[in-house]
>>> print(open('data.txt').read())   # compact mmCIF, C-alpha atoms and all ligand atoms
# COMPACT_ATOMS: atom_id res chain seq x y z
CA MET A 1 -9.04 -1.89 -30.63
CA THR A 2 -9.52 -5.05 -28.59
CA ASN A 3 -7.74 -5.81 -25.34
CA ASP A 4 -6.27 -8.89 -27.04
CA SER A 5 -4.80 -6.94 -29.95
CA LEU A 6 -3.38 -4.27 -27.64
CA PHE A 7 -1.84 -6.92 -25.42
CA SER A 8 -0.14 -8.60 -28.41
CA ARG A 9 1.18 -5.24 -29.61
CA ALA A 10 2.35 -4.28 -26.11
CA GLN A 11 4.28 -7.52 -25.75
CA GLN A 12 6.35 -6.65 -28.84
CA VAL A 13 7.80 -3.53 -27.25
CA ILE A 14 7.33 -3.83 -23.46
CA PRO A 15 8.49 -6.89 -21.47
CA GLY A 16 5.35 -8.91 -20.75
CA GLY A 17 3.32 -6.06 -22.24
CA VAL A 18 3.17 -4.14 -18.94
CA ASN A 19 5.15 -1.58 -17.00
CA SER A 20 4.50 -3.21 -13.61
CA PRO A 21 4.21 -7.01 -13.34
CA VAL A 22 0.90 -7.48 -11.49
CA ARG A 23 -0.94 -5.68 -14.34
CA ALA A 24 -0.22 -8.65 -16.62
CA PHE A 25 -2.88 -10.91 -14.97
CA ARG A 26 -0.26 -13.68 -14.61
CA ALA A 27 -1.72 -14.82 -11.26
CA VAL A 28 -5.31 -15.11 -12.51
CA GLY A 29 -4.74 -15.79 -16.22
CA GLY A 30 -6.45 -14.07 -19.14
CA THR A 31 -5.90 -10.80 -20.95
CA PRO A 32 -5.34 -7.58 -19.02
CA ARG A 33 -7.84 -4.82 -19.72
CA PHE A 34 -6.34 -1.80 -21.45
CA ILE A 35 -7.96 1.22 -19.85
CA ALA A 36 -9.08 4.04 -22.10
CA ARG A 37 -10.50 6.40 -19.50
CA ALA A 38 -11.98 6.66 -16.03
CA GLU A 39 -14.48 8.83 -14.22
CA GLY A 40 -15.70 8.66 -10.64
CA ALA A 41 -15.92 5.01 -9.57
CA TYR A 42 -15.75 3.65 -13.13
CA MET A 43 -13.17 2.75 -15.73
CA TRP A 44 -13.77 1.91 -19.40
CA ASP A 45 -11.50 -0.41 -21.33
CA ALA A 46 -10.42 -0.17 -24.97
CA GLU A 47 -13.51 -2.17 -26.01
CA GLY A 48 -15.87 0.25 -24.27
CA GLN A 49 -16.71 -2.14 -21.41
CA ARG A 50 -17.39 -0.35 -18.11
CA TYR A 51 -16.03 -1.58 -14.76
CA ILE A 52 -16.66 -0.56 -11.16
CA ASP A 53 -13.06 0.10 -10.13
CA TYR A 54 -11.89 -1.38 -6.81
CA ILE A 55 -8.19 -0.90 -7.56
CA GLY A 56 -8.16 2.88 -7.83
CA SER A 57 -4.64 2.84 -9.30
CA TRP A 58 -3.66 0.58 -6.36
CA GLY A 59 -4.83 3.10 -3.80
CA PRO A 60 -4.24 6.72 -4.82
CA MET A 61 -7.70 7.44 -6.28
CA ILE A 62 -9.46 7.86 -2.93
CA LEU A 63 -11.76 10.56 -4.37
CA GLY A 64 -12.55 8.52 -7.47
CA HIS A 65 -11.28 9.44 -10.92
CA GLY A 66 -11.37 13.02 -12.21
CA HIS A 67 -12.53 14.79 -9.07
CA PRO A 68 -13.34 18.38 -10.18
CA ALA A 69 -11.30 20.16 -7.47
CA VAL A 70 -8.26 17.98 -8.18
CA LEU A 71 -8.58 18.42 -11.95
CA GLU A 72 -8.72 22.17 -11.53
CA ALA A 73 -5.66 22.25 -9.27
CA VAL A 74 -3.69 20.12 -11.75
CA HIS A 75 -4.69 22.22 -14.77
CA LYS A 76 -3.72 25.41 -12.97
CA ALA A 77 -0.38 24.04 -11.78
CA ALA A 78 0.47 22.66 -15.25
CA ALA A 79 -0.15 26.05 -16.83
CA ASP A 80 2.39 27.58 -14.42
CA GLY A 81 5.11 25.13 -15.40
CA PHE A 82 5.80 21.39 -15.14
CA SER A 83 9.05 21.34 -13.24
CA PHE A 84 11.66 23.84 -12.11
CA GLY A 85 14.35 21.97 -10.19
CA ALA A 86 14.07 24.72 -7.59
CA PRO A 87 11.96 24.96 -4.43
CA THR A 88 8.30 26.03 -4.58
CA GLU A 89 5.76 27.17 -1.99
CA ARG A 90 3.50 24.22 -2.76
CA GLU A 91 6.12 21.78 -1.42
CA ILE A 92 5.96 23.60 1.92
CA GLU A 93 2.15 23.47 1.85
CA LEU A 94 2.11 19.73 1.21
CA ALA A 95 4.73 19.09 3.92
CA GLU A 96 2.71 21.25 6.34
CA ALA A 97 -0.52 19.44 5.46
CA ILE A 98 1.00 15.99 6.08
CA ILE A 99 2.68 17.07 9.32
CA ALA A 100 -0.58 18.59 10.57
CA LEU A 101 -2.38 15.27 10.09
CA VAL A 102 0.36 12.90 11.34
CA PRO A 103 1.81 13.98 14.72
CA SER A 104 4.79 11.57 14.60
CA VAL A 105 6.13 13.39 11.53
CA GLU A 106 8.00 16.62 12.33
CA GLN A 107 9.84 16.93 9.03
CA ILE A 108 9.30 15.25 5.69
CA ARG A 109 11.06 14.91 2.36
CA LEU A 110 9.15 14.53 -0.89
CA VAL A 111 10.19 12.01 -3.56
CA SER A 112 8.54 10.46 -6.63
CA SER A 113 7.67 6.84 -5.79
CA GLY A 114 7.05 4.60 -2.83
CA THR A 115 10.09 2.54 -3.75
CA GLU A 116 12.27 5.63 -3.59
CA ALA A 117 10.75 6.69 -0.28
CA GLY A 118 11.23 3.24 1.31
CA MET A 119 14.80 2.95 0.05
CA SER A 120 15.66 6.44 1.34
CA ALA A 121 14.01 5.82 4.72
CA LEU A 122 16.11 2.69 5.10
CA ARG A 123 19.34 4.54 4.29
CA LEU A 124 18.40 7.28 6.71
CA ALA A 125 17.58 4.79 9.48
CA ARG A 126 20.96 3.15 8.98
CA GLY A 127 22.76 6.49 8.77
CA ALA A 128 21.03 7.90 11.84
CA THR A 129 21.70 4.85 14.01
CA GLY A 130 25.08 3.89 12.58
CA ARG A 131 23.81 0.30 12.36
CA SER A 132 23.40 -2.07 9.40
CA LYS A 133 20.80 -4.71 10.18
CA ILE A 134 17.14 -4.26 9.40
CA ILE A 135 14.07 -6.32 10.19
CA LYS A 136 11.27 -6.77 7.70
CA PHE A 137 8.32 -9.16 7.64
CA GLU A 138 7.35 -11.77 5.13
CA GLY A 139 4.44 -10.59 2.98
CA CYS A 140 5.17 -6.87 3.50
CA TYR A 141 6.24 -5.01 0.37
CA HIS A 142 8.28 -1.85 0.63
CA GLY A 143 9.07 -1.25 -3.02
CA HIS A 144 11.78 -2.92 -5.07
CA ALA A 145 14.99 -1.56 -3.53
CA ASP A 146 17.60 -4.35 -3.50
CA ALA A 147 17.88 -4.70 0.30
CA LEU A 148 14.11 -5.17 0.58
CA LEU A 149 13.61 -7.84 -2.08
CA VAL A 150 14.09 -10.62 0.42
CA LYS A 151 12.23 -13.69 1.57
CA ALA A 152 12.67 -15.69 4.74
CA GLY A 153 15.15 -18.52 4.65
CA SER A 154 14.34 -21.87 6.22
CA GLY A 155 14.30 -21.99 10.00
CA LEU A 156 13.30 -19.29 12.43
CA ALA A 157 14.56 -15.71 12.48
CA THR A 158 17.09 -16.30 9.79
CA PHE A 159 18.73 -13.99 7.30
CA GLY A 160 16.84 -13.72 4.07
CA PHE A 161 17.41 -14.76 0.48
CA PRO A 162 16.94 -12.43 -2.50
CA THR A 163 13.53 -12.79 -4.16
CA SER A 164 14.82 -11.38 -7.43
CA ALA A 165 17.65 -12.28 -9.77
CA GLY A 166 20.18 -9.48 -9.87
CA VAL A 167 20.24 -8.99 -6.11
CA PRO A 168 23.52 -10.41 -4.75
CA ALA A 169 23.21 -12.35 -1.47
CA GLU A 170 25.73 -9.89 0.04
CA VAL A 171 23.27 -7.04 -0.51
CA VAL A 172 20.58 -8.69 1.63
CA GLN A 173 22.92 -10.12 4.25
CA HIS A 174 21.82 -7.47 6.73
CA THR A 175 18.10 -7.97 6.14
CA LEU A 176 16.34 -10.20 8.68
CA VAL A 177 12.99 -11.51 7.51
CA LEU A 178 10.50 -12.54 10.17
CA GLU A 179 6.93 -13.80 10.25
CA TYR A 180 4.29 -11.06 10.62
CA ASN A 181 2.47 -11.13 13.97
CA ASN A 182 5.00 -13.61 15.42
CA LEU A 183 5.95 -12.29 18.87
CA ALA A 184 8.42 -15.07 19.68
CA GLN A 185 10.49 -14.32 16.58
CA ILE A 186 10.90 -10.61 17.27
CA GLU A 187 11.84 -11.33 20.90
CA GLU A 188 14.43 -13.86 19.82
CA THR A 189 15.84 -11.60 17.08
CA PHE A 190 16.26 -8.60 19.37
CA THR A 191 17.84 -10.81 22.02
CA THR A 192 20.41 -12.03 19.48
CA HIS A 193 20.97 -8.92 17.34
CA GLY A 194 19.56 -6.00 19.39
CA PRO A 195 22.56 -3.61 19.28
CA GLU A 196 23.02 -4.13 15.50
CA ILE A 197 19.44 -3.39 14.43
CA ALA A 198 18.93 -0.02 12.69
CA CYS A 199 15.21 -0.35 12.15
CA VAL A 200 12.13 -2.48 11.97
CA MET A 201 10.10 -1.72 8.86
CA LEU A 202 6.54 -2.89 8.44
CA GLU A 203 3.18 -2.24 6.85
CA PRO A 204 1.01 -1.64 9.95
CA ILE A 205 -1.96 -3.08 8.09
CA ALA A 206 -0.33 -5.22 5.43
CA GLY A 207 -1.99 -4.61 2.07
CA ASN A 208 0.54 -6.51 0.02
CA MET A 209 -0.69 -9.79 1.49
CA ASN A 210 -4.28 -8.69 0.85
CA PHE A 211 -5.34 -7.36 4.26
CA VAL A 212 -3.62 -8.46 7.45
CA ARG A 213 -3.59 -6.30 10.56
CA ALA A 214 -0.62 -6.25 12.90
CA SER A 215 -2.12 -7.48 16.18
CA VAL A 216 -2.13 -5.05 19.10
CA PRO A 217 0.18 -7.21 21.28
CA PHE A 218 2.60 -7.54 18.35
CA MET A 219 2.64 -3.80 17.66
CA THR A 220 2.96 -2.97 21.35
CA ARG A 221 5.94 -5.27 21.74
CA LEU A 222 7.60 -4.01 18.53
CA ARG A 223 7.43 -0.47 19.89
CA GLU A 224 8.87 -1.52 23.26
CA LEU A 225 11.71 -3.53 21.73
CA CYS A 226 12.69 -0.77 19.29
CA THR A 227 12.79 1.80 22.09
CA GLN A 228 14.68 -0.52 24.42
CA HIS A 229 17.32 -1.39 21.81
CA GLY A 230 17.63 2.01 20.11
CA ALA A 231 16.22 0.80 16.79
CA LEU A 232 13.85 2.95 14.74
CA LEU A 233 10.29 1.77 14.14
CA VAL A 234 9.49 2.61 10.51
CA PHE A 235 5.88 2.50 9.34
CA ASP A 236 5.49 1.92 5.63
CA GLU A 237 2.21 3.75 5.11
CA VAL A 238 2.53 4.03 1.33
CA MET A 239 -0.75 2.15 1.05
CA THR A 240 -2.42 2.82 4.41
CA GLY A 241 -1.44 6.50 4.69
CA PHE A 242 -4.50 8.79 4.41
CA ARG A 243 -6.39 5.71 3.20
CA VAL A 244 -7.41 3.80 6.33
CA ALA A 245 -7.91 7.00 8.38
CA LEU A 246 -7.16 10.70 8.04
CA GLY A 247 -4.29 10.21 10.51
CA SER A 248 -3.17 7.05 8.65
CA ALA A 249 -2.78 3.58 10.23
CA GLN A 250 -0.67 5.00 13.05
CA SER A 251 -3.73 6.91 14.28
CA VAL A 252 -5.66 3.62 14.35
CA TYR A 253 -2.95 2.05 16.56
CA ALA A 254 -2.63 5.20 18.70
CA LYS A 255 -6.29 4.66 19.67
CA LEU A 256 -5.54 1.09 20.74
CA ILE A 257 -2.09 1.63 22.32
CA PRO A 258 -1.86 4.81 24.46
CA GLY A 259 0.91 7.16 23.32
CA PHE A 260 1.84 4.98 20.34
CA LYS A 261 3.99 6.56 17.59
CA PRO A 262 6.39 5.19 14.99
CA ASP A 263 9.79 6.92 14.62
CA MET A 264 9.61 7.25 10.86
CA SER A 265 6.87 6.98 8.26
CA VAL A 266 6.82 6.38 4.53
CA PHE A 267 3.96 7.66 2.38
CA GLY A 268 2.95 7.46 -1.28
CA LYS A 269 -0.19 6.60 -3.23
CA VAL A 270 -2.93 8.86 -1.72
CA ILE A 271 -0.56 11.80 -1.05
CA GLY A 272 -0.01 12.11 -4.81
CA GLY A 273 -3.69 11.68 -5.71
CA GLY A 274 -2.64 9.64 -8.78
CA MET A 275 0.50 11.61 -9.68
CA PRO A 276 4.04 10.31 -9.01
CA LEU A 277 4.65 11.52 -5.47
CA ALA A 278 5.79 9.89 -2.24
CA ALA A 279 7.52 10.98 0.95
CA PHE A 280 9.34 9.88 4.07
CA GLY A 281 9.39 11.69 7.36
CA GLY A 282 10.02 11.44 11.06
CA THR A 283 11.40 13.28 14.02
CA ARG A 284 13.39 16.45 13.44
CA GLU A 285 16.38 14.70 15.02
CA VAL A 286 16.36 11.82 12.52
CA MET A 287 15.45 13.96 9.50
CA SER A 288 18.31 16.39 10.20
CA GLN A 289 20.73 13.59 9.30
CA LEU A 290 19.64 14.02 5.68
CA ALA A 291 21.63 16.03 3.08
CA PRO A 292 22.14 18.99 2.89
CA LEU A 293 22.02 19.17 6.72
CA GLY A 294 23.55 15.82 7.51
CA PRO A 295 25.68 13.01 6.08
CA VAL A 296 22.91 10.81 4.59
CA TYR A 297 22.65 11.50 0.86
CA GLN A 298 19.34 11.59 -0.99
CA ALA A 299 18.16 13.64 -3.98
CA GLY A 300 15.73 13.78 -6.94
CA THR A 301 15.38 15.82 -10.16
CA LEU A 302 11.57 15.67 -10.04
CA SER A 303 11.14 15.56 -6.24
CA GLY A 304 8.32 17.81 -5.05
CA ASN A 305 7.13 18.25 -8.62
CA PRO A 306 4.77 21.25 -8.85
CA VAL A 307 1.98 19.42 -10.73
CA ALA A 308 2.17 16.35 -8.48
CA THR A 309 2.16 18.45 -5.30
CA ALA A 310 -0.90 20.35 -6.58
CA CYS A 311 -2.69 17.05 -7.18
CA GLY A 312 -1.72 15.70 -3.75
CA LEU A 313 -2.65 18.87 -1.91
CA ALA A 314 -6.06 19.09 -3.56
CA THR A 315 -6.66 15.44 -2.67
CA LEU A 316 -5.65 15.89 0.98
CA LYS A 317 -7.88 18.96 1.22
CA GLU A 318 -10.92 16.94 0.13
CA ILE A 319 -10.30 13.99 2.45
CA ALA A 320 -9.78 16.32 5.44
CA LYS A 321 -13.33 17.66 5.11
CA PRO A 322 -15.55 16.78 8.09
CA GLY A 323 -17.28 13.43 7.74
CA PHE A 324 -15.22 12.27 4.75
CA PHE A 325 -13.71 9.22 6.45
CA ASP A 326 -16.91 8.31 8.30
CA ALA A 327 -18.75 8.11 4.98
CA LEU A 328 -15.92 6.26 3.21
CA SER A 329 -15.55 3.78 6.08
CA ALA A 330 -19.29 3.09 6.16
CA ARG A 331 -19.39 2.49 2.41
CA THR A 332 -16.40 0.15 2.52
CA ARG A 333 -17.88 -1.68 5.52
CA SER A 334 -21.16 -2.14 3.60
CA LEU A 335 -19.22 -3.81 0.78
CA VAL A 336 -17.36 -6.19 3.11
CA ASP A 337 -20.53 -7.00 5.08
CA GLY A 338 -22.38 -7.65 1.82
CA LEU A 339 -19.65 -9.96 0.53
CA ASN A 340 -19.46 -11.84 3.85
CA GLN A 341 -23.26 -12.35 3.86
CA ALA A 342 -23.45 -13.41 0.22
CA ALA A 343 -20.66 -15.94 0.78
CA ARG A 344 -22.33 -17.32 3.88
CA ALA A 345 -25.64 -17.65 2.02
CA ALA A 346 -23.85 -19.63 -0.69
CA GLY A 347 -21.98 -21.77 1.85
CA VAL A 348 -18.58 -20.52 0.66
CA PRO A 349 -15.69 -20.34 3.16
CA PHE A 350 -14.89 -16.63 3.16
CA SER A 351 -13.58 -13.88 5.41
CA GLY A 352 -13.33 -10.14 4.78
CA ASP A 353 -12.09 -7.11 6.68
CA CYS A 354 -11.66 -3.37 6.12
CA GLU A 355 -10.41 -0.14 7.63
CA GLY A 356 -11.34 3.25 6.20
CA GLY A 357 -11.35 2.90 2.41
CA MET A 358 -9.18 -0.25 2.23
CA PHE A 359 -10.50 -3.81 2.27
CA GLY A 360 -9.47 -7.41 1.78
CA PHE A 361 -11.08 -10.83 1.52
CA PHE A 362 -10.00 -14.44 1.53
CA PHE A 363 -11.51 -17.73 0.49
CA PHE A 364 -10.76 -19.03 3.96
CA GLU A 365 -12.77 -19.57 7.17
CA SER A 366 -11.00 -16.89 9.20
CA LEU A 367 -8.77 -13.85 8.70
CA PRO A 368 -5.14 -14.91 8.12
CA GLN A 369 -2.50 -13.46 10.47
CA ASN A 370 0.58 -13.98 8.31
CA TYR A 371 1.83 -14.54 4.77
CA GLY A 372 1.98 -18.33 5.00
CA THR A 373 -1.72 -18.51 5.85
CA VAL A 374 -2.63 -15.97 3.15
CA MET A 375 -0.88 -18.09 0.54
CA SER A 376 -2.65 -21.24 1.79
CA THR A 377 -6.11 -19.77 1.04
CA ASP A 378 -8.05 -21.08 -1.96
CA LYS A 379 -6.27 -19.63 -5.00
CA GLU A 380 -8.29 -21.51 -7.64
CA ARG A 381 -11.51 -20.25 -6.11
CA PHE A 382 -10.16 -16.70 -5.95
CA ASN A 383 -9.18 -16.83 -9.62
CA ARG A 384 -12.64 -18.08 -10.68
CA PHE A 385 -14.24 -15.37 -8.54
CA PHE A 386 -11.98 -12.69 -10.02
CA HIS A 387 -12.98 -13.60 -13.60
CA ALA A 388 -16.66 -13.99 -12.74
CA MET A 389 -16.60 -10.48 -11.27
CA LEU A 390 -14.65 -9.03 -14.19
CA ASN A 391 -17.17 -10.51 -16.63
CA GLN A 392 -19.92 -8.75 -14.67
CA GLY A 393 -18.10 -5.40 -14.85
CA VAL A 394 -16.39 -5.40 -11.44
CA TYR A 395 -12.66 -4.78 -11.50
CA LEU A 396 -10.90 -6.32 -8.48
CA ALA A 397 -7.15 -6.69 -7.92
CA PRO A 398 -5.91 -9.57 -10.12
CA ALA A 399 -4.13 -11.55 -7.38
CA LEU A 400 -5.22 -12.99 -4.04
CA TYR A 401 -2.46 -11.17 -2.15
CA GLU A 402 -3.60 -7.65 -3.10
CA ALA A 403 -5.89 -5.34 -1.12
CA GLY A 404 -8.89 -3.52 -2.59
CA PHE A 405 -9.98 0.11 -2.39
CA VAL A 406 -13.28 1.93 -2.25
CA SER A 407 -13.40 5.62 -3.21
CA ALA A 408 -15.69 8.46 -2.21
CA ALA A 409 -17.21 8.18 -5.70
CA HIS A 410 -18.55 4.65 -5.08
CA SER A 411 -22.31 4.96 -4.52
CA ALA A 412 -24.57 2.71 -2.47
CA ALA A 413 -25.89 1.43 -5.83
CA ASP A 414 -22.35 0.52 -6.93
CA ILE A 415 -21.86 -1.50 -3.75
CA GLU A 416 -25.24 -3.22 -4.18
CA ALA A 417 -24.40 -4.11 -7.79
CA THR A 418 -21.04 -5.48 -6.66
CA VAL A 419 -22.57 -7.62 -3.92
CA ALA A 420 -25.21 -8.93 -6.35
CA ALA A 421 -22.45 -9.85 -8.82
CA ALA A 422 -20.55 -11.58 -6.01
CA ALA A 423 -23.64 -13.57 -5.01
CA GLN A 424 -23.83 -14.86 -8.60
CA ALA A 425 -20.11 -15.65 -8.62
CA PHE A 426 -20.29 -17.49 -5.27
CA LYS A 427 -23.20 -19.61 -6.52
CA ALA A 428 -21.36 -20.47 -9.73
CA GLY A 429 -18.64 -22.01 -7.51
C1 LIG A 501 2.86 0.51 -3.40
C2 LIG A 501 3.74 0.30 -2.23
C3 LIG A 501 5.11 0.61 -2.24
C4 LIG A 501 5.83 1.00 -3.49
O1 LIG A 501 5.39 2.20 -4.03
P1 LIG A 501 5.68 2.52 -5.59
O2 LIG A 501 5.17 3.90 -5.75
O3 LIG A 501 4.95 1.47 -6.37
O4 LIG A 501 7.16 2.41 -5.78
C5 LIG A 501 5.81 0.51 -1.06
N1 LIG A 501 5.22 0.12 0.07
C6 LIG A 501 3.92 -0.20 0.13
C7 LIG A 501 3.31 -0.61 1.42
C8 LIG A 501 3.14 -0.15 -1.03
O5 LIG A 501 1.86 -0.51 -0.98
>>> encode(input="data.txt", output="structure tokens", more="lines below")
Ligand SMILES: *Cc1c(COP(=O)(O)O)cnc(C)c1O
Amino acid sequence: MTNDSLFSRAQQVIPGGVNSPVRAFRAVGGTPRFIARAEGAYMWDAEGQRYIDYIGSWGPMILGHGHPAVLEAVHKAAADGFSFGAPTEREIELAEAIIALVPSVEQIRLVSSGTEAGMSALRLARGATGRSKIIKFEGCYHGHADALLVKAGSGLATFGFPTSAGVPAEVVQHTLVLEYNNLAQIEETFTTHGPEIACVMLEPIAGNMNFVRASVPFMTRLRELCTQHGALLVFDEVMTGFRVALGSAQSVYAKLIPGFKPDMSVFGKVIGGGMPLAAFGGTREVMSQLAPLGPVYQAGTLSGNPVATACGLATLKEIAKPGFFDALSARTRSLVDGLNQAARAAGVPFSGDCEGGMFGFFFFESLPQNYGTVMSTDKERFNRFFHAMLNQGVYLAPALYEAGFVSAAHSAADIEATVAAAAQAFKAG
């Protein structure tokens, strides 16, 4: 089977041939690779071509594919039953493991996708505060719940417009969309709407506009304003959680801002280890507003699924081992340093950054601070680079606004091979 023939067949029965849009390679052009199997740091497509995988299922595969301890846990759990619709001990274990690693989370609820977790966190924030308005930032993605599919309107600090057909303007009328890292806009918005704001939701290191860190002054001020106005600060750590550090991105900011904590957190990706699993959590006070204790409704047939929780738990156990994040961070840093050097040697405008096992790069002189700048970076050059890398067996995210991921299975030789391929690609222009 060729990738081309599979893609034609897929398009007959699945819209665009894919079950999630970015997989279709629309941004970069060409035929998506149909993956047959994966092991460690590698994936093989339907034609038998091997790739060094820097997507890792968009983040979950932090141990690489098919880690023996995870495989064993999944096999064992599957043999005991796929799903019961009744509570299990493993759900408690996973909740306890997450709470032990993330001090801001006192209670947590498990769900099946990041979208579901973000949507539920939003409802809970509104229910707990009795307020309607929410603040989100342009370039941050929190899943595809209606109220979050919003882009900024024209002018500063304005209400947003739906970014998808099928989302009525009324549904996003309470969503304020601001520029990431823009201090003046959050000040102005809290001054105008302070008592109506239920929550501020953000990706603390935004991986859905490639890799953009919230600046320390911005984060500090967000925390102050939320506290002052009684709004909840919600960290969407679906991507960054247990990926940029064992304590997630909030532990990175807690080192820079004394006493820093968000009020609520949303997790996904790594906590499921590649299985459908996500979660949202926060203080006991906020979480007790959730059904069956409180008035905020939320539920799920497959929530806390026994096979998914086994996969997530086994994954968390591995990444909590001493030295895991030091080694992963060093490996990721060696990739970004290598790419930066190769670009400089070729005279290509380029900037890269990383934290833990997450990285990003731009065909741009400096690191962008917001979505507008990210989208102004050299897209044509990125697309040529993407295909040049793919042809050399390196699988990067197929769009310039997506982050990349290194796993514990990536060897020093894999990184060297990747940097060598990049040097070729940079030279080719
Ligand atoms: C991936 C992602 C989501 C959505 O998670 P799904 O499991 O794809 O629904 C939400 N927020 C962030 C920050 C993400 O990276």
>>> residues_near_ligand(input="data.txt", ligand="ligand LIG 501 (chain A)", cutoff="6 Å", atoms="only C-alpha atoms and all ligand atoms", output="ChimeraX atom specification")
/A:113-115,141-143,203,236-239
>>> closest_atom_pairs(input="data.txt", of="range 84-133 of chain A", to="range 309-316 of chain A", cutoff="9 Å", atoms="only C-alpha atoms", output="CSV")
residue,atom,partner,partner_atom,distance
A:Arg90,CA,A:Thr309,CA,6.4
A:Glu91,CA,A:Thr309,CA,6.5
A:Glu93,CA,A:Leu313,CA,7.6
A:Leu94,CA,A:Leu313,CA,5.8
A:Ala97,CA,A:Leu316,CA,7.7
A:Ile98,CA,A:Leu316,CA,8.4
>>> closest_residue(input="data.txt", among="A:Val28, A:Ala413, A:Ile271, A:Ala79", to="Ala399 in chain A", atoms="all atoms listed in the file")
A:Val28
>>> closest_residue(input="data.txt", among="A:Met119, A:Ala169, A:Leu63, A:Ile99", to="Ala299 in chain A", atoms="only C-alpha atoms")
A:Met119
>>> closest_residue(input="data.txt", among="A:Cys226, A:Leu256, A:Met61, A:Ala36", to="Arg243 in chain A", atoms="only C-alpha atoms")
A:Met61
>>> axis_aligned_box(input="data.txt", around="range 235-243 of chain A", padding_each_side="3 Å", output="AutoDock Vina command-line options")
--center_x -0.3 --center_y 5.4 --center_z 5.2 --size_x 18.3 --size_y 12.9 --size_z 14.3
>>> atom_distance(input="data.txt", atom1="CA of Thr283 in chain A", atom2="CA of Ala403 in chain A")
29.6 Å
>>> build_atoms(input="data.txt", residues="range 173-185 of chain A", atoms="N, CA and C atoms", output="PDB file, keeping the file's coordinate frame")
ATOM      1  N   GLN A 173      22.394  -9.396   3.073  1.00  0.00           N
ATOM      2  CA  GLN A 173      22.920 -10.120   4.250  1.00  0.00           C
ATOM      3  C   GLN A 173      22.553  -9.438   5.565  1.00  0.00           C
ATOM      4  N   HIS A 174      22.181  -8.161   5.497  1.00  0.00           N
ATOM      5  CA  HIS A 174      21.820  -7.470   6.730  1.00  0.00           C
ATOM      6  C   HIS A 174      20.306  -7.384   6.927  1.00  0.00           C
ATOM      7  N   THR A 175      19.563  -8.016   6.040  1.00  0.00           N
ATOM      8  CA  THR A 175      18.100  -7.970   6.140  1.00  0.00           C
ATOM      9  C   THR A 175      17.571  -9.230   6.815  1.00  0.00           C
ATOM     10  N   LEU A 176      16.951  -9.065   7.971  1.00  0.00           N
ATOM     11  CA  LEU A 176      16.340 -10.200   8.680  1.00  0.00           C
ATOM     12  C   LEU A 176      14.870 -10.234   8.320  1.00  0.00           C
ATOM     13  N   VAL A 177      14.388 -11.397   7.917  1.00  0.00           N
ATOM     14  CA  VAL A 177      12.990 -11.510   7.510  1.00  0.00           C
ATOM     15  C   VAL A 177      12.245 -12.395   8.506  1.00  0.00           C
ATOM     16  N   LEU A 178      11.248 -11.808   9.141  1.00  0.00           N
ATOM     17  CA  LEU A 178      10.500 -12.540  10.170  1.00  0.00           C
ATOM     18  C   LEU A 178       9.039 -12.705   9.767  1.00  0.00           C
ATOM     19  N   GLU A 179       8.347 -13.580  10.512  1.00  0.00           N
ATOM     20  CA  GLU A 179       6.930 -13.800  10.250  1.00  0.00           C
ATOM     21  C   GLU A 179       6.124 -12.684  10.906  1.00  0.00           C
ATOM     22  N   TYR A 180       5.188 -12.129  10.133  1.00  0.00           N
ATOM     23  CA  TYR A 180       4.290 -11.060  10.620  1.00  0.00           C
ATOM     24  C   TYR A 180       3.472 -11.606  11.787  1.00  0.00           C
ATOM     25  N   ASN A 181       3.281 -10.787  12.792  1.00  0.00           N
ATOM     26  CA  ASN A 181       2.470 -11.130  13.970  1.00  0.00           C
ATOM     27  C   ASN A 181       3.079 -12.242  14.828  1.00  0.00           C
ATOM     28  N   ASN A 182       4.353 -12.563  14.616  1.00  0.00           N
ATOM     29  CA  ASN A 182       5.000 -13.610  15.420  1.00  0.00           C
ATOM     30  C   ASN A 182       5.842 -12.963  16.526  1.00  0.00           C
ATOM     31  N   LEU A 183       5.295 -12.952  17.725  1.00  0.00           N
ATOM     32  CA  LEU A 183       5.950 -12.290  18.870  1.00  0.00           C
ATOM     33  C   LEU A 183       7.247 -12.979  19.259  1.00  0.00           C
ATOM     34  N   ALA A 184       7.236 -14.318  19.253  1.00  0.00           N
ATOM     35  CA  ALA A 184       8.420 -15.070  19.680  1.00  0.00           C
ATOM     36  C   ALA A 184       9.616 -14.728  18.788  1.00  0.00           C
ATOM     37  N   GLN A 185       9.376 -14.591  17.496  1.00  0.00           N
ATOM     38  CA  GLN A 185      10.490 -14.320  16.580  1.00  0.00           C
ATOM     39  C   GLN A 185      11.100 -12.931  16.781  1.00  0.00           C
TER      40      GLN A 185
END
